[in-house]
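Text of structure32.cif (mmCIF, C-alpha atoms) as supplied:
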```
data_final
loop_
_atom_site.label_atom_id
_atom_site.label_comp_id
_atom_site.auth_asym_id
_atom_site.auth_seq_id
_atom_site.Cartn_x
_atom_site.Cartn_y
_atom_site.Cartn_z
CA MET A 1 0.00 0.00 0.00
CA GLN A 2 1.27 3.46 -0.88
CA GLY A 3 1.46 6.19 1.71
CA LEU A 4 -1.16 8.50 0.25
CA GLU A 5 -3.83 5.79 0.30
CA LEU A 6 -2.77 4.72 3.79
CA CYS A 7 -3.06 8.29 5.07
CA ARG A 8 -6.43 8.83 3.41
CA LEU A 9 -7.81 5.71 5.10
CA PHE A 10 -6.26 6.76 8.41
CA TYR A 11 -8.01 10.12 8.17
CA GLU A 12 -11.36 8.63 7.15
CA GLN A 13 -11.39 5.81 9.70
CA CYS A 14 -9.48 7.29 12.66
CA ALA A 15 -9.13 11.06 12.50
CA ALA A 16 -12.37 12.25 10.92
CA PRO A 17 -14.79 10.45 13.29
CA GLU A 18 -12.92 11.73 16.36
CA ILE A 19 -12.83 15.28 15.02
CA GLU A 20 -16.57 15.19 14.34
CA LYS A 21 -17.29 13.75 17.78
CA ASN A 22 -15.11 16.18 19.71
CA PHE A 23 -15.49 19.41 17.73
CA GLY A 24 -19.01 19.24 16.32
CA ALA A 25 -19.75 22.14 13.97
CA ARG A 26 -16.13 23.28 14.12
CA ALA A 27 -15.09 20.05 12.35
CA SER A 28 -16.12 21.62 9.04
CA ARG A 29 -13.44 24.27 9.57
CA VAL A 30 -10.65 21.67 9.59
CA ALA A 31 -9.10 21.05 6.17
CA ALA A 32 -7.39 17.69 5.89
CA GLY A 33 -5.11 15.92 3.48
CA LEU A 34 -1.52 14.93 2.82
CA ALA A 35 0.78 17.33 0.99
CA GLY A 36 4.28 18.73 1.22
CA GLN A 37 7.69 17.11 1.01
CA GLY A 38 8.01 13.37 0.75
CA SER A 39 7.76 10.65 -1.85
CA ASP A 40 4.39 9.58 -0.45
CA CYS A 41 2.95 13.00 -1.26
CA LEU A 42 4.02 12.55 -4.89
CA GLY A 43 2.74 8.99 -5.03
CA TYR A 44 6.26 7.72 -5.70
CA ASP A 45 6.91 5.85 -2.47
CA ASP A 46 7.73 2.14 -2.43
CA GLU A 47 9.18 -0.37 0.02
CA LEU A 48 12.53 1.43 -0.05
CA SER A 49 10.81 4.65 1.06
CA ARG A 50 9.51 3.25 4.31
CA ASP A 51 12.70 3.74 6.28
CA HIS A 52 11.85 7.39 7.02
CA ASP A 53 8.80 9.65 7.35
CA PHE A 54 6.40 6.92 6.25
CA GLY A 55 3.29 5.67 7.96
CA PRO A 56 -0.26 6.61 8.94
CA GLY A 57 -0.90 10.30 9.51
CA CYS A 58 -2.44 13.35 7.88
CA CYS A 59 -2.21 17.11 7.77
CA LEU A 60 -4.93 19.08 9.53
CA TRP A 61 -4.89 22.68 8.30
CA LEU A 62 -6.57 25.57 10.13
CA THR A 63 -6.87 29.30 9.59
CA GLU A 64 -4.73 31.42 11.92
CA ALA A 65 -7.84 32.37 13.92
CA ASP A 66 -9.00 28.78 14.31
CA TYR A 67 -5.49 27.63 15.20
CA ALA A 68 -5.47 30.18 18.03
CA ASP A 69 -8.99 29.12 19.04
CA PHE A 70 -8.79 25.34 19.07
CA GLY A 71 -5.44 24.34 17.54
CA CYS A 72 -4.04 23.05 20.85
CA ALA A 73 -7.13 20.95 21.53
CA LEU A 74 -7.06 19.54 18.00
CA GLY A 75 -3.35 18.81 18.41
CA SER A 76 -4.03 16.88 21.60
CA LEU A 77 -6.71 14.87 19.84
CA TYR A 78 -4.37 14.13 16.93
CA ALA A 79 -1.68 12.93 19.37
CA SER A 80 -4.19 10.53 20.91
CA LEU A 81 -5.01 8.79 17.62
CA PRO A 82 -3.77 5.20 17.10
CA LYS A 83 -0.03 4.94 16.58
CA GLU A 84 -0.47 1.80 14.49
CA PHE A 85 -2.88 1.45 11.59
CA MET A 86 -3.24 -1.37 9.07
CA GLY A 87 0.03 -2.85 10.29
CA PHE A 88 2.06 0.36 9.87
CA ARG A 89 3.59 2.75 12.39
CA ARG A 90 4.86 6.18 11.41
CA ASN A 91 8.65 6.23 11.15
CA THR A 92 9.51 9.89 11.66
CA MET A 93 13.06 11.16 11.21
CA PRO A 94 14.15 14.50 12.74
CA GLN A 95 14.09 16.18 9.32
CA GLY A 96 10.47 15.12 8.82
CA GLU A 97 9.19 16.38 12.17
CA GLY A 98 6.03 18.43 11.74
CA ARG A 99 5.28 17.17 8.24
CA VAL A 100 1.92 15.86 9.43
CA GLY A 101 -0.41 16.91 12.25
CA VAL A 102 -2.13 20.18 13.09
CA MET A 103 -0.82 23.40 11.56
CA PRO A 104 -2.06 26.74 10.23
CA ALA A 105 -2.47 26.60 6.45
CA SER A 106 -0.46 29.81 6.28
CA ARG A 107 2.50 28.11 7.98
CA PHE A 108 2.37 25.18 5.56
CA TYR A 109 2.63 27.50 2.56
CA ARG A 110 5.11 29.89 4.17
CA GLN A 111 7.57 27.08 4.91
CA LEU A 112 7.52 25.95 1.29
CA ILE A 113 7.01 29.05 -0.84
CA GLY A 114 7.88 31.89 1.52
CA SER A 115 4.41 33.41 1.68
CA CYS A 116 1.14 32.45 3.36
CA GLY A 117 -0.74 32.60 0.06
CA VAL A 118 -0.28 32.97 -3.68
CA PRO A 119 2.82 35.10 -4.50
CA GLN A 120 1.72 38.61 -5.41
CA ASP A 121 4.42 39.68 -7.86
CA GLU A 122 6.92 38.30 -10.38
CA PRO A 123 10.01 38.60 -8.13
CA SER A 124 8.25 36.54 -5.44
CA TRP A 125 7.25 33.84 -7.93
CA PHE A 126 10.67 33.83 -9.53
CA ARG A 127 12.57 33.25 -6.29
CA ILE A 128 10.70 30.08 -5.28
CA PRO A 129 12.60 26.89 -6.20
CA GLU A 130 10.52 24.68 -8.47
CA HIS A 131 10.70 21.65 -6.22
CA PHE A 132 9.14 23.62 -3.35
CA LEU A 133 6.22 24.58 -5.57
CA ALA A 134 5.91 20.92 -6.56
CA ALA A 135 5.82 20.00 -2.87
CA ALA A 136 3.25 22.68 -2.04
CA THR A 137 0.90 21.29 -4.71
CA SER A 138 1.59 17.59 -4.13
CA GLY A 139 -0.59 14.97 -2.51
CA GLU A 140 -4.32 15.22 -2.01
CA VAL A 141 -6.85 17.24 -0.06
CA PHE A 142 -9.27 14.90 1.72
CA ARG A 143 -11.61 17.59 3.02
CA ASP A 144 -11.80 21.37 2.80
CA ASP A 145 -15.32 22.64 3.42
CA GLU A 146 -14.18 26.22 3.94
CA GLY A 147 -12.03 26.11 0.81
CA GLY A 148 -9.23 28.39 2.06
CA PHE A 149 -6.42 25.88 1.79
CA SER A 150 -7.59 24.72 -1.63
CA ARG A 151 -7.88 28.24 -3.04
CA VAL A 152 -4.16 28.76 -2.62
CA ARG A 153 -3.37 25.24 -3.82
CA ASN A 154 -5.49 25.55 -6.96
CA ALA A 155 -3.92 28.90 -7.84
CA LEU A 156 -0.44 27.42 -7.50
CA LEU A 157 -1.45 24.39 -9.58
CA ARG A 158 -2.04 26.70 -12.55
CA CYS A 159 1.77 27.00 -12.71
CA TYR A 160 3.78 30.20 -13.09
CA PRO A 161 2.34 33.46 -14.41
CA ARG A 162 3.12 33.70 -18.12
CA ASP A 163 6.07 36.11 -17.89
CA VAL A 164 7.73 34.08 -15.13
CA LEU A 165 7.25 30.87 -17.11
CA LEU A 166 8.70 32.48 -20.23
CA LYS A 167 11.75 33.76 -18.33
CA LYS A 168 12.44 30.41 -16.74
CA LEU A 169 11.91 28.61 -20.04
CA ALA A 170 14.29 30.97 -21.85
CA ALA A 171 16.94 30.29 -19.20
CA ARG A 172 16.48 26.53 -19.50
CA LEU A 173 16.77 26.62 -23.29
CA PHE A 174 19.87 28.80 -23.14
CA VAL A 175 21.64 26.46 -20.71
CA MET A 176 20.54 23.39 -22.69
CA ALA A 177 22.26 24.91 -25.72
CA GLN A 178 25.38 25.99 -23.83
CA ALA A 179 25.90 22.87 -21.71
CA GLY A 180 24.61 20.25 -24.13
CA GLN A 181 24.85 21.43 -27.71
CA TYR A 182 27.99 23.56 -27.41
CA ASN A 183 30.15 22.62 -24.44
CA TYR A 184 29.61 18.86 -24.16
CA PRO A 185 31.00 17.90 -27.58
CA ARG A 186 33.90 20.36 -27.23
CA ILE A 187 34.81 18.93 -23.83
CA MET A 188 34.65 15.40 -25.20
CA LYS A 189 37.18 16.36 -27.87
CA ARG A 190 39.52 17.40 -25.05
CA ASN A 191 39.01 13.98 -23.37
CA ASP A 192 38.08 15.65 -20.09
CA ALA A 193 35.70 13.02 -18.69
CA GLY A 194 35.01 14.86 -15.44
CA ALA A 195 34.03 18.13 -17.12
CA ALA A 196 31.97 16.21 -19.68
CA SER A 197 30.02 14.54 -16.86
CA LEU A 198 29.25 17.92 -15.33
CA ALA A 199 28.12 19.36 -18.69
CA LEU A 200 25.93 16.32 -19.29
CA ALA A 201 24.36 16.56 -15.82
CA GLU A 202 23.70 20.29 -16.30
CA PHE A 203 22.04 19.60 -19.64
CA VAL A 204 19.83 16.83 -18.29
CA SER A 205 18.79 18.87 -15.24
CA VAL A 206 17.69 21.93 -17.19
CA ALA A 207 16.15 19.82 -19.97
CA LEU A 208 13.93 18.04 -17.45
CA SER A 209 12.88 21.41 -16.06
CA ALA A 210 12.14 22.73 -19.56
CA LEU A 211 9.99 19.69 -20.31
CA HIS A 212 8.01 20.24 -17.11
CA LEU A 213 7.55 23.94 -17.87
CA LEU A 214 6.31 23.14 -21.38
CA ASN A 215 3.72 20.90 -19.74
CA GLY A 216 2.70 23.56 -17.20
CA ARG A 217 4.18 21.57 -14.32
CA TYR A 218 6.78 22.13 -11.61
CA THR A 219 9.83 19.89 -11.50
CA PRO A 220 9.91 17.96 -8.22
CA TYR A 221 12.97 17.22 -6.07
CA TYR A 222 15.81 16.00 -8.28
CA LYS A 223 15.54 12.30 -7.46
CA TRP A 224 11.96 12.29 -8.74
CA ALA A 225 12.48 14.52 -11.79
CA PHE A 226 12.75 11.64 -14.25
CA ARG A 227 9.84 9.77 -12.68
CA SER A 228 7.67 12.86 -12.98
CA ALA A 229 8.84 13.60 -16.53
CA ARG A 230 7.83 10.13 -17.71
CA GLU A 231 4.24 11.00 -16.77
CA LEU A 232 4.13 14.26 -18.75
CA PRO A 233 1.62 14.25 -21.63
CA LYS A 234 3.71 16.39 -24.00
CA LEU A 235 7.18 15.71 -25.42
CA HIS A 236 7.22 12.09 -24.29
CA GLY A 237 9.76 11.27 -27.01
CA ALA A 238 12.22 13.81 -25.63
CA VAL A 239 11.83 12.31 -22.15
CA MET A 240 12.59 8.84 -23.52
CA GLU A 241 15.70 10.16 -25.26
CA LEU A 242 16.89 11.76 -22.02
CA ASP A 243 16.15 8.54 -20.17
CA GLY A 244 18.59 6.67 -22.38
CA LEU A 245 21.30 9.33 -22.39
CA TYR A 246 23.44 7.94 -19.59
CA ALA A 247 23.22 4.38 -20.94
CA ALA A 248 24.38 5.50 -24.38
CA THR A 249 28.00 5.32 -25.47
CA PRO A 250 29.88 8.63 -25.18
CA CYS A 251 30.06 8.97 -28.98
CA ASN A 252 26.24 8.73 -29.24
CA ARG A 253 25.39 11.19 -26.48
CA ALA A 254 25.95 14.30 -28.60
CA GLU A 255 23.48 12.92 -31.16
CA ILE A 256 20.88 12.28 -28.44
CA ILE A 257 21.37 15.81 -27.09
CA GLU A 258 20.75 17.23 -30.57
CA SER A 259 17.67 15.03 -30.97
CA VAL A 260 16.20 16.25 -27.67
CA CYS A 261 16.90 19.88 -28.58
CA LEU A 262 15.36 19.42 -32.03
CA MET A 263 12.16 18.01 -30.50
CA VAL A 264 11.97 20.87 -28.03
CA GLY A 265 12.53 23.43 -30.80
CA GLU A 266 9.78 21.89 -32.93
CA HIS A 267 7.43 21.92 -29.96
CA LEU A 268 8.16 25.61 -29.32
CA LYS A 269 7.17 26.42 -32.89
CA LYS A 270 4.05 24.26 -32.64
CA GLU A 271 2.99 26.09 -29.47
CA GLY A 272 3.66 29.50 -30.99
CA LEU A 273 6.45 30.25 -28.55
CA SER A 274 9.11 30.57 -31.24
CA SER A 275 9.27 30.94 -35.01
CA CYS A 276 13.00 30.27 -35.17
CA ARG A 277 14.15 27.50 -37.53
CA ASP A 278 17.59 27.16 -36.01
CA GLY A 279 18.42 23.79 -34.44
CA PHE A 280 20.52 25.58 -31.82
CA LEU A 281 18.32 26.57 -28.88
CA VAL A 282 19.89 29.96 -28.08
CA PRO A 283 17.92 31.84 -30.79
CA HIS A 284 14.72 30.26 -29.46
CA ALA A 285 15.60 31.45 -25.96
CA GLU A 286 16.27 34.95 -27.27
CA GLU A 287 12.93 35.06 -29.08
CA ILE A 288 11.10 33.97 -25.93
CA MET A 289 12.89 36.67 -23.93
CA ARG A 290 11.50 39.28 -26.35
CA GLN A 291 7.95 38.19 -25.51
CA ILE A 292 8.31 39.01 -21.80
CA GLN A 293 6.37 42.11 -20.72
CA SER A 294 7.70 42.47 -17.17
CA ASP A 295 10.47 45.06 -16.92
CA TYR A 296 11.88 43.22 -13.90
CA LEU A 297 12.24 39.93 -15.75
CA LYS A 298 13.30 41.12 -19.18
CA LYS A 299 16.23 43.03 -17.69
CA MET A 300 17.65 39.84 -16.16
CA PRO A 301 20.44 37.89 -17.86
CA ILE A 302 19.03 35.32 -20.25
CA SER A 303 20.66 32.46 -18.30
CA ALA A 304 19.11 33.51 -14.96
CA GLY A 305 16.28 31.27 -13.98
#
```

Here is a file; write its structure as structure tokens.
Amino acid sequence: MQGLELCRLFYEQCAAPEIEKNFGARASRVAAGLAGQGSDCLGYDDELSRDHDFGPGCCLWLTEADYADFGCALGSLYASLPKEFMGFRRNTMPQGEGRVGVMPASRFYRQLIGSCGVPQDEPSWFRIPEHFLAAATSGEVFRDDEGGFSRVRNALLRCYPRDVLLKKLAARLFVMAQAGQYNYPRIMKRNDAGAASLALAEFVSVALSALHLLNGRYTPYYKWAFRSARELPKLHGAVMELDGLYAATPCNRAEIIESVCLMVGEHLKKEGLSSCRDGFLVPHAEEIMRQIQSDYLKKMPISAG
């Protein structure tokens, strides 16, 4: 059983009845679910994941006012719930402390994205690491009658505002071209295996981010980036090429890099993001930069993202 299903059943069978019994009408003001950092929130957990921060539990989100009113009482109730459920006990590591339990919704979002709600301007959006946005929108909401927690979540799920997305995409394309199309083959000619590995890793990292952005998604924490990319509806062929890049012989990697970049370039034209016919991605990145309306973002270096 995966963690998200386990936690949903724990909430439905253990937490929800006790909350209803003890808090009556106030129970409708408690939003519940599982979200945040952790493979279980992404639905990627397996038997290897159960050595830390795995087990029955749920997040109970309150407004600031309700947290001050009955947060302590709700916390005491949560602490009294069964420690074992369906044969599992929660295995909490110090780094995962506070990932489940009672918390203000504002604290949940502030810890991940730096604000208690949807970022209000481009600089605020731009500064948030993608994997924190992926964490903030992960998992599932089991109940939210008041809708406050879900309003922020749903706004974040729409992905970046257009100008922020364009700026980040331009940066990814530029680095894909520099690290993959330009530097990697040159480094290989110098027989510098260490530098070639770094260039290859840089290319793959930014390419995975570009593929997520072109699908309107946030790239999760690096160890799940490939897993997430394989589920993207668009540019599946490019993902498969990237997937085989490390298994390929060194002499074939430059060809795979070019193939990935060609697919991305064609997709940009199909989506109306670029009209450039160049196979090199830098001109595409430059054209996307010219579409940005925000003075703050268009003044930034093209590689910043």

When the PyMOL selection byres ((chain A and resi 153) around 12) is applied to the file above, which residues end up in the set, as a PyMOL selection string? chain A and resi 33+35-36+105-106+108-109+113+116-119+133-141+144+147-152+154-159

Find the spatial neighbours of Leu60 (chain A), counting only C-alpha atoms, within a cut-off of 9 Å - ignore same-chain residues fewer than 2 positions away - and output them as a count of residues only. 15

Would you give me, as a Markdown table, each residue of region 76-160 of chain A having an atom within 10 Å of an atom of region 2-18 of chain A, along with its shortest atom pair and that distance in Å to one decimal, using all atoms listed in the file and sorting by chain and residue number?
```
| residue | atom | partner | partner_atom | distance |
| --- | --- | --- | --- | --- |
| A:Leu77 | CA | A:Glu18 | CA | 7.8 |
| A:Tyr78 | CA | A:Ala15 | CA | 7.2 |
| A:Ser80 | CA | A:Ala15 | CA | 9.8 |
| A:Leu81 | CA | A:Cys14 | CA | 6.8 |
| A:Pro82 | CA | A:Cys14 | CA | 7.5 |
| A:Glu84 | CA | A:Phe10 | CA | 9.8 |
| A:Phe85 | CA | A:Phe10 | CA | 7.1 |
| A:Met86 | CA | A:Leu6 | CA | 8.1 |
| A:Phe88 | CA | A:Leu6 | CA | 8.9 |
| A:Gly139 | CA | A:Leu4 | CA | 7.1 |
| A:Glu140 | CA | A:Leu4 | CA | 7.8 |
| A:Val141 | CA | A:Arg8 | CA | 9.1 |
| A:Phe142 | CA | A:Arg8 | CA | 6.9 |
| A:Arg143 | CA | A:Ala16 | CA | 9.6 |
```

Could you pull the residues within 6 Å of region 198-213 of chain A, counting only C-alpha atoms, minus those fewer than 3 positions along the same chain, as a PyMOL selection string? chain A and resi 169+172+176+179-180+184+195+216-219

Atoms to include: C-alpha atoms. Write the selected residues as a PDB file, in the frame of the given file.
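Written output follows (part04.pdb):
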```pdb
ATOM      1  CA  LEU A 169      11.910  28.610 -20.040  1.00  0.00           C
ATOM      2  CA  ARG A 172      16.480  26.530 -19.500  1.00  0.00           C
ATOM      3  CA  MET A 176      20.540  23.390 -22.690  1.00  0.00           C
ATOM      4  CA  ALA A 179      25.900  22.870 -21.710  1.00  0.00           C
ATOM      5  CA  GLY A 180      24.610  20.250 -24.130  1.00  0.00           C
ATOM      6  CA  TYR A 184      29.610  18.860 -24.160  1.00  0.00           C
ATOM      7  CA  ALA A 195      34.030  18.130 -17.120  1.00  0.00           C
ATOM      8  CA  GLY A 216       2.700  23.560 -17.200  1.00  0.00           C
ATOM      9  CA  ARG A 217       4.180  21.570 -14.320  1.00  0.00           C
ATOM     10  CA  TYR A 218       6.780  22.130 -11.610  1.00  0.00           C
ATOM     11  CA  THR A 219       9.830  19.890 -11.500  1.00  0.00           C
TER      12      THR A 219
END
```

For the file shown, report as a PyMOL selection string the outcome of the PyMOL selection byres ((chain A and resi 235) around 8) at residue level. chain A and resi 211+232-234+236-239+263-264+267

Would it be fine to have region 131-192 of chain A, with C-alpha atoms, given as a compact mmCIF listing (two decimals), in the first residue's frame?
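New file result-v6.txt:
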```
# COMPACT_ATOMS: atom_id res chain seq x y z
CA HIS A 131 10.70 21.65 -6.22
CA PHE A 132 9.14 23.62 -3.35
CA LEU A 133 6.22 24.58 -5.57
CA ALA A 134 5.91 20.92 -6.56
CA ALA A 135 5.82 20.00 -2.87
CA ALA A 136 3.25 22.68 -2.04
CA THR A 137 0.90 21.29 -4.71
CA SER A 138 1.59 17.59 -4.13
CA GLY A 139 -0.59 14.97 -2.51
CA GLU A 140 -4.32 15.22 -2.01
CA VAL A 141 -6.85 17.24 -0.06
CA PHE A 142 -9.27 14.90 1.72
CA ARG A 143 -11.61 17.59 3.02
CA ASP A 144 -11.80 21.37 2.80
CA ASP A 145 -15.32 22.64 3.42
CA GLU A 146 -14.18 26.22 3.94
CA GLY A 147 -12.03 26.11 0.81
CA GLY A 148 -9.23 28.39 2.06
CA PHE A 149 -6.42 25.88 1.79
CA SER A 150 -7.59 24.72 -1.63
CA ARG A 151 -7.88 28.24 -3.04
CA VAL A 152 -4.16 28.76 -2.62
CA ARG A 153 -3.37 25.24 -3.82
CA ASN A 154 -5.49 25.55 -6.96
CA ALA A 155 -3.92 28.90 -7.84
CA LEU A 156 -0.44 27.42 -7.50
CA LEU A 157 -1.45 24.39 -9.58
CA ARG A 158 -2.04 26.70 -12.55
CA CYS A 159 1.77 27.00 -12.71
CA TYR A 160 3.78 30.20 -13.09
CA PRO A 161 2.34 33.46 -14.41
CA ARG A 162 3.12 33.70 -18.12
CA ASP A 163 6.07 36.11 -17.89
CA VAL A 164 7.73 34.08 -15.13
CA LEU A 165 7.25 30.87 -17.11
CA LEU A 166 8.70 32.48 -20.23
CA LYS A 167 11.75 33.76 -18.33
CA LYS A 168 12.44 30.41 -16.74
CA LEU A 169 11.91 28.61 -20.04
CA ALA A 170 14.29 30.97 -21.85
CA ALA A 171 16.94 30.29 -19.20
CA ARG A 172 16.48 26.53 -19.50
CA LEU A 173 16.77 26.62 -23.29
CA PHE A 174 19.87 28.80 -23.14
CA VAL A 175 21.64 26.46 -20.71
CA MET A 176 20.54 23.39 -22.69
CA ALA A 177 22.26 24.91 -25.72
CA GLN A 178 25.38 25.99 -23.83
CA ALA A 179 25.90 22.87 -21.71
CA GLY A 180 24.61 20.25 -24.13
CA GLN A 181 24.85 21.43 -27.71
CA TYR A 182 27.99 23.56 -27.41
CA ASN A 183 30.15 22.62 -24.44
CA TYR A 184 29.61 18.86 -24.16
CA PRO A 185 31.00 17.90 -27.58
CA ARG A 186 33.90 20.36 -27.23
CA ILE A 187 34.81 18.93 -23.83
CA MET A 188 34.65 15.40 -25.20
CA LYS A 189 37.18 16.36 -27.87
CA ARG A 190 39.52 17.40 -25.05
CA ASN A 191 39.01 13.98 -23.37
CA ASP A 192 38.08 15.65 -20.09
```
